[in-house]
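Raw contents of upload-v4.cif, mmCIF, C-alpha atoms:
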```
data_input
#
loop_
_atom_site.label_atom_id
_atom_site.label_comp_id
_atom_site.auth_asym_id
_atom_site.auth_seq_id
_atom_site.Cartn_x
_atom_site.Cartn_y
_atom_site.Cartn_z
CA MET W 1 0.00 0.00 0.00
CA ASN W 2 2.87 2.30 0.90
CA PHE W 3 4.54 1.48 -2.40
CA LEU W 4 1.35 2.38 -4.29
CA THR W 5 0.99 5.68 -2.42
CA ALA W 6 4.64 6.55 -3.05
CA SER W 7 4.28 5.70 -6.76
CA ILE W 8 1.16 7.85 -7.12
CA GLU W 9 2.84 10.70 -5.25
CA SER W 10 5.94 10.45 -7.43
CA LEU W 11 3.85 10.37 -10.62
CA GLY W 12 1.77 13.32 -9.39
CA ALA W 13 4.91 15.30 -8.60
CA LYS W 14 6.28 14.59 -12.08
CA VAL W 15 3.04 15.66 -13.78
CA VAL W 16 2.88 18.84 -11.69
CA GLY W 17 6.55 19.47 -12.57
CA TRP W 18 5.85 19.10 -16.31
CA PHE W 19 2.89 21.46 -16.07
CA THR W 20 4.95 24.00 -14.11
CA VAL W 21 7.75 23.88 -16.70
CA GLY W 22 5.25 24.09 -19.58
CA TYR W 23 3.42 27.00 -17.97
CA ALA W 24 6.67 28.88 -17.29
CA MET W 25 7.72 28.38 -20.91
CA PHE W 26 4.45 29.60 -22.37
CA ALA W 27 4.27 32.51 -19.93
CA PHE W 28 7.77 33.51 -20.98
CA LEU W 29 6.84 33.17 -24.66
CA ALA W 30 3.71 35.29 -24.15
CA LYS W 31 5.78 37.96 -22.39
CA ALA W 32 8.33 37.93 -25.21
CA GLY W 33 5.54 38.09 -27.79
CA LEU W 34 3.92 41.09 -26.10
CA LEU W 35 7.29 42.84 -25.86
CA LEU W 36 7.86 42.12 -29.54
CA LEU W 37 4.66 44.02 -30.37
CA ASP W 38 5.66 46.97 -28.19
CA ARG W 39 7.04 49.79 -30.35
CA THR W 40 9.53 50.90 -27.68
CA THR W 41 11.28 47.51 -27.84
CA TRP W 42 12.50 48.24 -31.33
CA ASN W 43 15.26 50.67 -30.54
CA ARG W 44 18.75 50.68 -32.01
CA ALA W 45 20.25 48.85 -28.99
CA THR W 46 17.91 45.84 -29.26
CA PHE W 47 18.38 45.71 -33.01
CA ASP W 48 22.19 45.70 -32.56
CA VAL W 49 21.99 42.76 -30.11
CA VAL W 50 19.70 40.86 -32.52
CA VAL W 51 22.21 41.38 -35.36
CA LYS W 52 25.02 40.22 -33.07
CA GLN W 53 23.01 37.08 -32.16
CA VAL W 54 22.32 36.24 -35.81
CA TYR W 55 26.03 36.71 -36.52
CA PHE W 56 27.08 34.36 -33.69
CA THR W 57 24.40 31.76 -34.41
CA ALA W 58 24.31 31.69 -38.21
CA VAL W 59 27.08 33.67 -39.93
CA GLN W 60 30.01 32.49 -37.81
CA ILE W 61 29.28 28.82 -38.50
CA LEU W 62 28.34 29.22 -42.17
CA PRO W 63 31.43 27.55 -43.78
CA VAL W 64 31.31 24.53 -41.44
CA PHE W 65 27.54 24.24 -41.73
CA LEU W 66 27.50 24.45 -45.52
CA GLY W 67 30.29 21.86 -45.74
CA TYR W 68 28.32 19.54 -43.47
CA ALA W 69 25.09 20.11 -45.45
CA LEU W 70 26.96 19.44 -48.68
CA VAL W 71 28.36 16.10 -47.48
CA ILE W 72 25.02 14.94 -46.00
CA SER W 73 23.13 16.02 -49.13
CA TRP W 74 25.57 14.29 -51.48
CA LEU W 75 25.41 11.06 -49.44
CA ILE W 76 21.60 10.96 -49.20
CA ILE W 77 21.13 11.90 -52.87
CA THR W 78 23.56 9.15 -53.92
CA ILE W 79 21.75 6.58 -51.74
CA ILE W 80 18.31 7.62 -53.06
CA LEU W 81 19.53 7.63 -56.66
CA SER W 82 21.16 4.20 -56.49
CA THR W 83 18.14 2.69 -54.69
CA ALA W 84 15.78 4.25 -57.25
CA ARG W 85 17.88 2.79 -60.09
CA ASP W 86 17.81 -0.66 -58.46
CA PHE W 87 14.02 -0.60 -58.27
CA GLY W 88 13.47 1.09 -61.62
CA LEU W 89 12.10 4.25 -60.01
CA THR W 90 14.57 6.74 -61.49
CA ALA W 91 11.71 8.98 -62.63
CA PHE W 92 10.83 9.61 -58.99
CA ALA W 93 14.40 10.15 -57.77
CA SER W 94 14.35 13.95 -57.92
CA GLU W 95 10.99 14.18 -56.11
CA MET W 96 12.15 11.74 -53.43
CA THR W 97 15.39 13.67 -53.00
CA ILE W 98 13.59 16.97 -52.52
CA ARG W 99 10.98 15.55 -50.17
CA VAL W 100 13.44 13.66 -47.97
CA LEU W 101 16.24 16.20 -47.91
CA VAL W 102 14.83 19.69 -48.33
CA LEU W 103 11.53 19.25 -46.53
CA GLU W 104 12.51 16.88 -43.71
CA LEU W 105 16.11 15.97 -43.07
CA LEU W 106 17.96 19.26 -43.56
CA PRO W 107 15.65 21.43 -41.39
CA PHE W 108 15.81 18.74 -38.67
CA LEU W 109 19.60 18.50 -38.81
CA THR W 110 19.89 22.31 -38.88
CA ALA W 111 17.84 22.52 -35.70
CA LEU W 112 20.02 19.84 -34.06
CA PHE W 113 23.17 21.65 -35.18
CA ILE W 114 22.01 25.00 -33.73
CA ALA W 115 20.73 23.28 -30.57
CA LEU W 116 24.07 21.63 -29.89
CA ARG W 117 26.13 24.69 -30.72
CA SER W 118 24.06 27.67 -29.58
CA GLY W 119 21.27 26.15 -27.46
CA SER W 120 23.70 24.57 -25.02
CA ALA W 121 25.73 27.81 -24.86
CA ILE W 122 22.58 29.86 -24.20
CA ASN W 123 21.44 27.45 -21.47
CA THR W 124 24.84 27.59 -19.74
CA GLU W 125 25.12 31.36 -20.01
CA VAL W 126 21.62 32.06 -18.67
CA ALA W 127 22.12 29.54 -15.84
CA LEU W 128 25.42 31.23 -14.88
CA MET W 129 23.79 34.66 -15.06
CA GLN W 130 21.07 33.40 -12.74
CA VAL W 131 23.51 31.80 -10.29
CA ASN W 132 25.90 34.79 -10.27
CA ASN W 133 23.11 37.35 -9.66
CA GLU W 134 23.86 39.09 -12.95
CA LEU W 135 20.14 39.29 -13.74
CA ASP W 136 19.51 40.95 -10.36
CA ALA W 137 22.29 43.44 -11.12
CA LEU W 138 20.69 44.28 -14.48
CA ALA W 139 17.32 44.70 -12.78
CA HIS W 140 18.91 47.01 -10.18
CA CYS W 141 20.28 49.14 -13.05
CA LYS W 142 16.84 49.09 -14.72
CA VAL W 143 18.25 47.40 -17.82
CA PRO W 144 15.45 45.03 -18.90
CA PRO W 145 16.98 41.52 -19.22
CA MET W 146 14.16 40.40 -21.52
CA GLN W 147 14.94 43.18 -24.00
CA PHE W 148 18.70 43.04 -23.63
CA GLU W 149 19.41 39.34 -23.14
CA PHE W 150 16.51 37.06 -24.01
CA LEU W 151 14.40 38.52 -26.83
CA PRO W 152 17.42 38.99 -29.16
CA ARG W 153 18.37 35.35 -28.57
CA LEU W 154 14.86 34.15 -29.46
CA ILE W 155 14.75 36.27 -32.62
CA GLY W 156 18.34 35.31 -33.49
CA GLY W 157 17.50 31.61 -33.11
CA VAL W 158 14.39 31.75 -35.29
CA VAL W 159 16.07 33.85 -38.01
CA SER W 160 19.20 31.65 -37.97
CA VAL W 161 17.39 28.30 -38.26
CA VAL W 162 15.12 29.61 -41.05
CA ILE W 163 18.07 31.07 -43.00
CA LEU W 164 20.40 28.10 -42.50
CA ALA W 165 17.72 25.53 -43.36
CA GLY W 166 16.89 27.61 -46.45
CA LEU W 167 20.53 27.76 -47.53
CA ALA W 168 21.04 24.04 -46.93
CA GLY W 169 17.86 23.33 -48.92
CA LEU W 170 19.07 25.42 -51.87
CA LEU W 171 22.43 23.67 -51.73
CA ALA W 172 20.69 20.28 -51.71
CA LEU W 173 18.54 21.25 -54.72
CA LEU W 174 21.70 22.21 -56.60
CA MET W 175 23.48 19.02 -55.55
CA GLY W 176 20.42 16.98 -56.53
CA TYR W 177 20.40 18.46 -60.01
CA LEU W 178 24.14 17.95 -60.50
CA THR W 179 24.00 14.35 -59.26
CA ILE W 180 20.95 13.38 -61.34
CA TYR W 181 21.60 15.32 -64.57
CA GLY W 182 25.27 16.30 -64.31
CA MET W 183 26.36 19.52 -66.02
CA SER W 184 23.77 19.11 -68.79
CA THR W 185 20.99 21.71 -69.00
CA ALA W 186 18.62 19.12 -70.45
CA GLY W 187 17.16 18.28 -67.05
CA PHE W 188 16.47 21.87 -66.08
CA GLU W 189 12.83 21.89 -67.18
CA PRO W 190 11.69 18.59 -65.61
CA TYR W 191 13.66 19.37 -62.44
CA THR W 192 12.18 22.84 -61.97
CA GLN W 193 8.72 21.44 -62.74
CA THR W 194 9.17 18.85 -60.00
CA ILE W 195 10.27 21.60 -57.59
CA ALA W 196 7.26 23.74 -58.53
CA LYS W 197 4.93 20.74 -58.07
CA ILE W 198 6.23 20.01 -54.57
CA PHE W 199 6.61 23.55 -53.26
CA ASP W 200 3.03 24.78 -53.31
CA PHE W 201 1.92 27.45 -50.86
CA THR W 202 0.87 25.01 -48.10
CA ILE W 203 4.19 23.15 -48.19
CA MET W 204 6.21 26.39 -48.20
CA ALA W 205 4.18 27.84 -45.32
CA GLY W 206 4.48 24.55 -43.41
CA LEU W 207 8.24 24.46 -43.95
CA LEU W 208 8.61 28.05 -42.78
CA VAL W 209 6.48 27.46 -39.67
CA LYS W 210 8.38 24.25 -38.87
CA CYS W 211 11.77 26.00 -39.15
CA ALA W 212 10.51 28.92 -37.05
CA LEU W 213 9.27 26.48 -34.37
CA PHE W 214 12.63 24.68 -34.46
CA GLY W 215 14.37 28.05 -33.99
CA LEU W 216 12.09 28.91 -31.10
CA ALA W 217 12.63 25.51 -29.47
CA VAL W 218 16.43 25.72 -29.60
CA THR W 219 16.44 29.13 -27.88
CA LEU W 220 13.30 29.41 -25.76
CA ILE W 221 13.79 26.09 -23.95
CA PRO W 222 17.47 26.74 -23.03
CA VAL W 223 16.60 30.27 -21.79
CA THR W 224 13.75 29.06 -19.57
CA ALA W 225 15.80 26.08 -18.34
CA GLY W 226 18.61 28.49 -17.43
CA LEU W 227 16.19 30.77 -15.56
CA GLU W 228 14.90 27.81 -13.52
CA THR W 229 18.39 27.10 -12.14
CA PRO W 230 18.60 27.37 -8.34
CA LYS W 231 21.32 29.77 -7.18
CA LYS W 232 23.89 27.03 -6.70
CA LEU W 233 26.88 26.66 -9.02
CA PHE W 234 26.77 22.86 -9.01
CA MET W 235 23.24 23.01 -10.48
CA VAL W 236 24.45 24.58 -13.75
CA PRO W 237 25.35 21.24 -15.46
CA VAL W 238 22.02 19.79 -14.28
CA SER W 239 20.20 22.76 -15.79
CA VAL W 240 22.01 22.33 -19.14
CA LEU W 241 21.29 18.59 -19.12
CA ARG W 242 17.58 19.17 -18.49
CA GLY W 243 17.39 21.98 -21.02
CA MET W 244 19.07 19.99 -23.79
CA MET W 245 16.89 16.94 -23.19
CA ARG W 246 13.81 19.14 -23.46
CA VAL W 247 15.17 20.70 -26.67
CA PHE W 248 15.71 17.24 -28.15
CA PHE W 249 12.17 16.11 -27.29
CA ALA W 250 10.71 19.36 -28.62
CA ILE W 251 12.58 19.06 -31.94
CA VAL W 252 11.51 15.44 -32.37
CA THR W 253 7.89 16.32 -31.46
CA ILE W 254 7.80 19.18 -33.99
CA GLU W 255 9.20 16.88 -36.69
CA VAL W 256 6.79 14.04 -35.88
CA VAL W 257 3.76 16.38 -35.85
CA SER W 258 4.89 17.95 -39.13
CA LEU W 259 5.27 14.51 -40.75
CA ALA W 260 1.91 13.38 -39.41
CA LEU W 261 0.18 16.52 -40.76
CA LYS W 262 1.77 16.07 -44.17
CA TYR W 263 1.52 12.35 -44.79
CA ILE W 264 -1.21 10.87 -42.60
CA MET Y 265 22.95 44.28 6.29
CA ALA Y 266 19.84 42.66 4.79
CA ALA Y 267 18.28 46.12 4.88
CA VAL Y 268 20.82 47.29 2.30
CA ALA Y 269 19.50 44.82 -0.25
CA VAL Y 270 15.96 46.25 0.01
CA LEU Y 271 16.83 49.91 -0.36
CA PRO Y 272 14.39 52.03 -2.41
CA ASP Y 273 14.68 52.57 -6.16
CA ASP Y 274 16.39 55.96 -5.85
CA VAL Y 275 19.52 54.33 -4.42
CA ALA Y 276 22.41 53.19 -6.61
CA ARG Y 277 24.22 50.28 -4.94
CA VAL Y 278 27.76 49.08 -5.28
CA ALA Y 279 27.80 45.60 -3.80
CA LEU Y 280 29.36 42.17 -4.10
CA ASP Y 281 25.94 40.69 -4.91
CA LEU Y 282 25.47 43.04 -7.89
CA PRO Y 283 28.16 41.75 -10.25
CA LEU Y 284 29.13 42.98 -13.70
CA ARG Y 285 27.90 41.19 -16.83
CA ALA Y 286 30.69 38.66 -17.29
CA ASN Y 287 30.79 38.67 -21.09
CA LEU Y 288 30.91 42.46 -21.42
CA SER Y 289 33.88 44.80 -21.01
CA ALA Y 290 33.98 47.47 -18.31
CA LEU Y 291 33.00 50.09 -20.88
CA GLU Y 292 30.06 48.03 -22.18
CA ASN Y 293 28.83 47.34 -18.65
CA ILE Y 294 28.70 51.06 -17.94
CA ALA Y 295 27.36 52.03 -21.39
CA LEU Y 296 24.33 49.72 -20.92
CA ILE Y 297 22.73 52.31 -18.62
CA PRO Y 298 22.56 55.29 -21.03
CA LEU Y 299 21.80 52.86 -23.87
CA TYR Y 300 18.77 51.18 -22.30
CA GLN Y 301 17.59 53.69 -19.73
CA ARG Y 302 18.03 56.98 -21.50
CA HIS Y 303 17.92 55.58 -25.06
CA TYR Y 304 21.11 57.20 -26.30
CA ASN Y 305 22.73 55.58 -29.32
CA ALA Y 306 25.70 53.22 -28.94
CA VAL Y 307 28.33 55.87 -29.79
CA GLU Y 308 27.01 58.42 -27.30
CA SER Y 309 26.53 55.77 -24.58
CA THR Y 310 30.11 54.57 -25.03
CA ARG Y 311 31.36 58.16 -24.91
CA GLN Y 312 29.53 58.77 -21.62
CA ALA Y 313 30.88 55.49 -20.17
CA GLN Y 314 34.43 56.37 -21.22
CA ALA Y 315 34.04 59.86 -19.71
CA MET Y 316 32.98 58.25 -16.41
CA LEU Y 317 36.05 56.01 -16.35
CA ASP Y 318 38.28 58.97 -17.26
CA GLN Y 319 36.76 60.92 -14.40
CA LEU Y 320 37.60 58.11 -11.97
CA ASP Y 321 41.13 58.05 -13.41
CA HIS Y 322 40.80 54.44 -14.65
CA THR Y 323 40.78 54.92 -18.42
CA GLU Y 324 42.93 51.84 -18.95
CA ILE Y 325 40.32 49.34 -17.71
CA ALA Y 326 37.78 50.18 -20.42
CA LEU Y 327 38.31 47.02 -22.47
CA LEU Y 328 38.81 44.57 -19.60
CA ARG Y 329 36.22 41.95 -18.79
CA ASP Y 330 35.29 41.01 -15.23
CA SER Y 331 37.59 37.98 -15.12
CA ASP Y 332 40.59 40.08 -16.23
CA MET Y 333 40.14 42.81 -13.61
CA THR Y 334 41.76 43.19 -10.22
CA PRO Y 335 39.32 43.63 -7.31
CA ALA Y 336 40.03 47.40 -7.31
CA GLN Y 337 39.39 47.69 -11.07
CA ARG Y 338 36.17 45.69 -10.68
CA PHE Y 339 35.07 48.00 -7.88
CA VAL Y 340 35.78 51.09 -10.01
CA THR Y 341 33.68 49.64 -12.85
CA LYS Y 342 30.81 48.92 -10.47
CA LEU Y 343 31.14 52.42 -9.01
CA ALA Y 344 31.12 53.98 -12.50
CA ARG Y 345 28.01 51.93 -13.32
CA ALA Y 346 26.34 53.17 -10.15
CA LEU Y 347 27.39 56.78 -10.78
CA ILE Y 348 26.06 56.81 -14.36
CA LEU Y 349 22.65 55.79 -12.96
CA LYS Y 350 22.54 59.39 -11.59
CA ARG Y 351 20.50 58.47 -8.53
CA PRO Y 352 20.44 60.85 -5.53
CA ARG Y 353 21.97 58.29 -3.12
CA LEU Y 354 24.93 55.99 -3.63
CA VAL Y 355 25.37 53.12 -1.18
CA ILE Y 356 28.61 51.15 -1.04
CA ASP Y 357 27.69 47.86 0.61
CA ARG Y 358 30.48 46.14 2.57
CA PRO Y 359 33.41 47.51 0.54
CA GLY Y 360 35.87 45.21 2.32
CA ALA Y 361 34.28 42.23 0.54
CA MET Y 362 35.07 43.79 -2.83
CA LEU Y 363 38.26 45.73 -2.16
CA TYR Y 364 40.49 43.21 -0.47
CA ASP Y 365 43.59 44.21 -2.46
CA VAL Y 366 43.84 47.89 -1.38
CA PRO Y 367 43.44 49.91 1.84
CA TYR Y 368 39.87 50.65 0.93
CA PRO Y 369 38.77 53.64 3.03
CA ALA Y 370 41.57 55.72 1.47
CA PHE Y 371 40.87 54.27 -1.99
CA ILE Y 372 37.17 55.15 -1.81
CA ASP Y 373 38.01 58.59 -0.47
CA GLN Y 374 40.31 59.15 -3.42
CA LEU Y 375 37.63 58.02 -5.90
CA ALA Y 376 35.05 60.24 -4.21
CA SER Y 377 37.29 63.25 -4.61
CA GLN Y 378 37.59 62.54 -8.35
CA ALA Y 379 33.96 61.73 -9.10
CA ASP Y 380 31.74 64.65 -9.95
CA MET Y 381 28.43 63.68 -8.43
CA THR Y 382 25.53 65.44 -6.89
CA GLY Y 383 23.98 63.43 -4.06
CA THR Y 384 25.34 61.51 -1.14
CA TRP Y 385 27.68 58.57 -0.82
CA GLU Y 386 27.03 56.18 2.07
CA ILE Y 387 29.20 53.30 3.15
CA TYR Y 388 27.69 50.33 4.99
CA ASP Y 389 30.40 48.33 6.71
CA PHE Y 390 30.91 46.14 9.76
CA SER Y 391 31.45 48.07 12.97
CA TRP Y 392 34.81 46.41 13.61
CA ASN Y 393 36.17 48.05 10.45
CA GLN Y 394 35.57 51.53 11.92
CA VAL Y 395 39.20 51.70 12.93
CA LEU Y 396 40.26 51.53 9.24
CA TYR Y 397 38.19 54.64 8.45
CA ASN Y 398 39.64 56.46 11.46
CA GLN Y 399 43.17 55.67 10.29
CA ALA Y 400 42.33 56.98 6.80
CA LEU Y 401 40.92 60.20 8.25
CA HIS Y 402 43.95 60.75 10.50
CA SER Y 403 46.41 60.17 7.69
CA GLU Y 404 44.89 63.01 5.61
#
```
Let me see whether you can do it: turn the structure in this file into structure tokens.
Amino acid sequence: MNFLTASIESLGAKVVGWFTVGYAMFAFLAKAGLLLLDRTTWNRATFDVVVKQVYFTAVQILPVFLGYALVISWLIITIILSTARDFGLTAFASEMTIRVLVLELLPFLTALFIALRSGSAINTEVALMQVNNELDALAHCKVPPMQFEFLPRLIGGVVSVVILAGLAGLLALLMGYLTIYGMSTAGFEPYTQTIAKIFDFTIMAGLLVKCALFGLAVTLIPVTAGLETPKKLFMVPVSVLRGMMRVFFAIVTIEVVSLALKYI
Amino acid sequence: MAAVAVLPDDVARVALDLPLRANLSALENIALIPLYQRHYNAVESTRQAQAMLDQLDHTEIALLRDSDMTPAQRFVTKLARALILKRPRLVIDRPGAMLYDVPYPAFIDQLASQADMTGTWEIYDFSWNQVLYNQALHSE
């Protein structure tokens, strides 16, 4: 009986914990959203921090990221092409390539890339700011942390994931053409027609929303996980661990929901 | 001492529990105030921050980050940040906890003589450190 009570209590505590975390995240998002609509937020200082965030998150890693996207794209395209040849489905190779790479795999890998590189850094930095009282110091000086520290990170994350996924997609389209048709221009018409057939308004809007949600997940979750950190230095690694696990689950959930909406 | 932490909004505090932003230089830490509070542009905010450091005779620390500063340099940056807030009262909370590398009553006295500030400076310190302030006064 005691075991049953303890199990129910433990489960209840976990559910309450999930709701508390979820509520804190959505409350933070609502606050950020309201601030985003406030005209006074958009001063030169905030804009400068946003530009700096986009530079750190997207521009700084561009050569490495494009190299990585190129290798992944080439590998996947080669696998799809050789499998399609084996099964006599060459006519569908370009469509399969675009659907698998541009719509699904590259945005997902971009989000993972940004999460591992910037999300973990954001989580650690916010947790350290919380532990070291830096947020209290900013509040004492009446420098709004949301405007100065958090909102630019959220915007930077969304903009970076959308831009990087877009660039990787364009690179994959180019690689796809070169791998399927080589340097010949003969395949230009069927290839562009396939692209036009796939990328209708709904698919484009869905892709944009998915990338934006990925960008939000890789920044919002680390920020809120960092803010939850108790003021104890040894809790910083725990905070990063929790934050990154939540980011991973959020990215997978977004991808699964997107796939379900598209194909089921 | 807990009372110091709940002082009203018109008090600028210099305290161990109000650290600098670790990833910003001394100049950027100070320039944040005119930038976000008084909405000056970045150039003007940096100019005001530099002027404050010049006034405190610590021009050379402008580009240092918190981890590269000595305790005295860190204190000067915090003081400059508090001064640029332009609040009527300035409270230095337990200076001995921040200024353990210099004889601090004399150091603060020297900074106070350089800083051009309207308003009052108050120091909250442990009673057993009174003797240090007496020594500083007698040596003048």
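Coordinates place CA of Gly215 in chain W at a distance of 19.4 Å from CA of Asp48 in chain W.
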Legend entry - Spatial neighbours of Phe390 in chain Y, max dist 10 Å, all atoms listed in the file, sep filter under 2 positions, as a ChimeraX atom specification: /Y:265,357-360,387-388,392-394
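Listed by chain and then by number, the residues chosen by the PyMOL selection byres ((chain W and resi 112) around 9) in this file are Pro107, Phe108, Leu109, Thr110, Ala111, Phe113, Ile114, Ala115, Leu116, Arg117, Phe214, Val218, Val247, Phe248 and Ile251 of chain W.
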Inset, instruction - Could the residues of chain W within 12 Å of chain Y, counting all atoms listed in the file, be given as a VMD selection string, please? - result: chain W and resid 40 to 49 125 to 126 128 to 149
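The closest residue to Pro335 in chain Y, picked from Y:Leu320, Y:Gln312, Y:Trp385, Y:Ala361 and counting all atoms listed in the file, is Y:Ala361.
Applied to this file, the PyMOL selection byres ((chain W and resi 203-208) around 9) selects W:Leu103, W:Glu104, W:Pro107, W:Val162, W:Ile198, W:Phe199, W:Asp200, W:Phe201, W:Thr202, W:Val209, W:Lys210, W:Cys211, W:Ala212, W:Leu213, W:Ser258, W:Lys262.
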Write the selection just made, keeping C-alpha atoms, as an mmCIF file, in the coordinates of the input?
```
data_model
loop_
_atom_site.group_PDB
_atom_site.id
_atom_site.type_symbol
_atom_site.label_atom_id
_atom_site.label_comp_id
_atom_site.auth_asym_id
_atom_site.auth_seq_id
_atom_site.Cartn_x
_atom_site.Cartn_y
_atom_site.Cartn_z
ATOM 1 C CA LEU W 103 11.530 19.250 -46.530
ATOM 2 C CA GLU W 104 12.510 16.880 -43.710
ATOM 3 C CA PRO W 107 15.650 21.430 -41.390
ATOM 4 C CA VAL W 162 15.120 29.610 -41.050
ATOM 5 C CA ILE W 198 6.230 20.010 -54.570
ATOM 6 C CA PHE W 199 6.610 23.550 -53.260
ATOM 7 C CA ASP W 200 3.030 24.780 -53.310
ATOM 8 C CA PHE W 201 1.920 27.450 -50.860
ATOM 9 C CA THR W 202 0.870 25.010 -48.100
ATOM 10 C CA VAL W 209 6.480 27.460 -39.670
ATOM 11 C CA LYS W 210 8.380 24.250 -38.870
ATOM 12 C CA CYS W 211 11.770 26.000 -39.150
ATOM 13 C CA ALA W 212 10.510 28.920 -37.050
ATOM 14 C CA LEU W 213 9.270 26.480 -34.370
ATOM 15 C CA SER W 258 4.890 17.950 -39.130
ATOM 16 C CA LYS W 262 1.770 16.070 -44.170
#
```
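Note that CA of Ile180 in chain W and CA of Glu95 in chain W are 11.3 Å apart.
CA of Pro190 in chain W is found 9.4 Å from CA of Ser94 in chain W.
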Evaluated on this file, the PyMOL selection byres ((chain Y and resi 353) around 10) picks out some residues - which ones are they, written as a PDB file with C-alpha atoms, keeping the file's coordinate frame?
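Final file, expr.pdb:
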```pdb
ATOM      1  CA  PRO Y 272      14.390  52.030  -2.410  1.00  0.00           C
ATOM      2  CA  ASP Y 273      14.680  52.570  -6.160  1.00  0.00           C
ATOM      3  CA  ASP Y 274      16.390  55.960  -5.850  1.00  0.00           C
ATOM      4  CA  VAL Y 275      19.520  54.330  -4.420  1.00  0.00           C
ATOM      5  CA  ALA Y 276      22.410  53.190  -6.610  1.00  0.00           C
ATOM      6  CA  ARG Y 277      24.220  50.280  -4.940  1.00  0.00           C
ATOM      7  CA  ALA Y 346      26.340  53.170 -10.150  1.00  0.00           C
ATOM      8  CA  LEU Y 347      27.390  56.780 -10.780  1.00  0.00           C
ATOM      9  CA  LYS Y 350      22.540  59.390 -11.590  1.00  0.00           C
ATOM     10  CA  ARG Y 351      20.500  58.470  -8.530  1.00  0.00           C
ATOM     11  CA  PRO Y 352      20.440  60.850  -5.530  1.00  0.00           C
ATOM     12  CA  LEU Y 354      24.930  55.990  -3.630  1.00  0.00           C
ATOM     13  CA  VAL Y 355      25.370  53.120  -1.180  1.00  0.00           C
ATOM     14  CA  ILE Y 356      28.610  51.150  -1.040  1.00  0.00           C
ATOM     15  CA  MET Y 381      28.430  63.680  -8.430  1.00  0.00           C
ATOM     16  CA  THR Y 382      25.530  65.440  -6.890  1.00  0.00           C
ATOM     17  CA  GLY Y 383      23.980  63.430  -4.060  1.00  0.00           C
ATOM     18  CA  THR Y 384      25.340  61.510  -1.140  1.00  0.00           C
ATOM     19  CA  TRP Y 385      27.680  58.570  -0.820  1.00  0.00           C
ATOM     20  CA  GLU Y 386      27.030  56.180   2.070  1.00  0.00           C
TER      21      GLU Y 386
END
```
Would you output range 175-187 of chain W from that structure, restricted to N, CA and C atoms, as a PDB file, in the first residue's frame?
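selection_32.pdb, written as the output of this step:
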```
ATOM      1  N   MET W 175      22.770  20.308 -55.563  1.00  0.00           N
ATOM      2  CA  MET W 175      23.485  19.018 -55.546  1.00  0.00           C
ATOM      3  C   MET W 175      22.649  17.940 -56.228  1.00  0.00           C
ATOM      4  N   GLY W 176      21.335  17.965 -55.946  1.00  0.00           N
ATOM      5  CA  GLY W 176      20.420  16.982 -56.529  1.00  0.00           C
ATOM      6  C   GLY W 176      20.459  17.056 -58.046  1.00  0.00           C
ATOM      7  N   TYR W 177      20.382  18.290 -58.548  1.00  0.00           N
ATOM      8  CA  TYR W 177      20.405  18.460 -60.012  1.00  0.00           C
ATOM      9  C   TYR W 177      21.720  17.932 -60.578  1.00  0.00           C
ATOM     10  N   LEU W 178      22.829  18.344 -59.970  1.00  0.00           N
ATOM     11  CA  LEU W 178      24.140  17.947 -60.497  1.00  0.00           C
ATOM     12  C   LEU W 178      24.327  16.431 -60.441  1.00  0.00           C
ATOM     13  N   THR W 179      23.830  15.792 -59.387  1.00  0.00           N
ATOM     14  CA  THR W 179      24.002  14.346 -59.259  1.00  0.00           C
ATOM     15  C   THR W 179      23.112  13.586 -60.245  1.00  0.00           C
ATOM     16  N   ILE W 180      21.888  14.097 -60.451  1.00  0.00           N
ATOM     17  CA  ILE W 180      20.953  13.381 -61.339  1.00  0.00           C
ATOM     18  C   ILE W 180      21.262  13.673 -62.825  1.00  0.00           C
ATOM     19  N   TYR W 181      21.446  14.950 -63.147  1.00  0.00           N
ATOM     20  CA  TYR W 181      21.602  15.319 -64.572  1.00  0.00           C
ATOM     21  C   TYR W 181      23.030  15.724 -64.951  1.00  0.00           C
ATOM     22  N   GLY W 182      23.901  15.866 -64.007  1.00  0.00           N
ATOM     23  CA  GLY W 182      25.272  16.304 -64.312  1.00  0.00           C
ATOM     24  C   GLY W 182      25.288  17.757 -64.751  1.00  0.00           C
ATOM     25  N   MET W 183      26.222  18.120 -65.602  1.00  0.00           N
ATOM     26  CA  MET W 183      26.358  19.525 -66.018  1.00  0.00           C
ATOM     27  C   MET W 183      25.407  19.872 -67.179  1.00  0.00           C
ATOM     28  N   SER W 184      24.672  18.874 -67.660  1.00  0.00           N
ATOM     29  CA  SER W 184      23.768  19.112 -68.792  1.00  0.00           C
ATOM     30  C   SER W 184      22.590  20.006 -68.381  1.00  0.00           C
ATOM     31  N   THR W 185      22.147  20.847 -69.308  1.00  0.00           N
ATOM     32  CA  THR W 185      20.989  21.713 -69.004  1.00  0.00           C
ATOM     33  C   THR W 185      19.676  21.031 -69.406  1.00  0.00           C
ATOM     34  N   ALA W 186      19.809  19.826 -69.951  1.00  0.00           N
ATOM     35  CA  ALA W 186      18.615  19.118 -70.451  1.00  0.00           C
ATOM     36  C   ALA W 186      17.594  18.834 -69.352  1.00  0.00           C
ATOM     37  N   GLY W 187      18.083  18.634 -68.121  1.00  0.00           N
ATOM     38  CA  GLY W 187      17.159  18.275 -67.046  1.00  0.00           C
ATOM     39  C   GLY W 187      16.556  19.467 -66.337  1.00  0.00           C
TER      40      GLY W 187
END
```
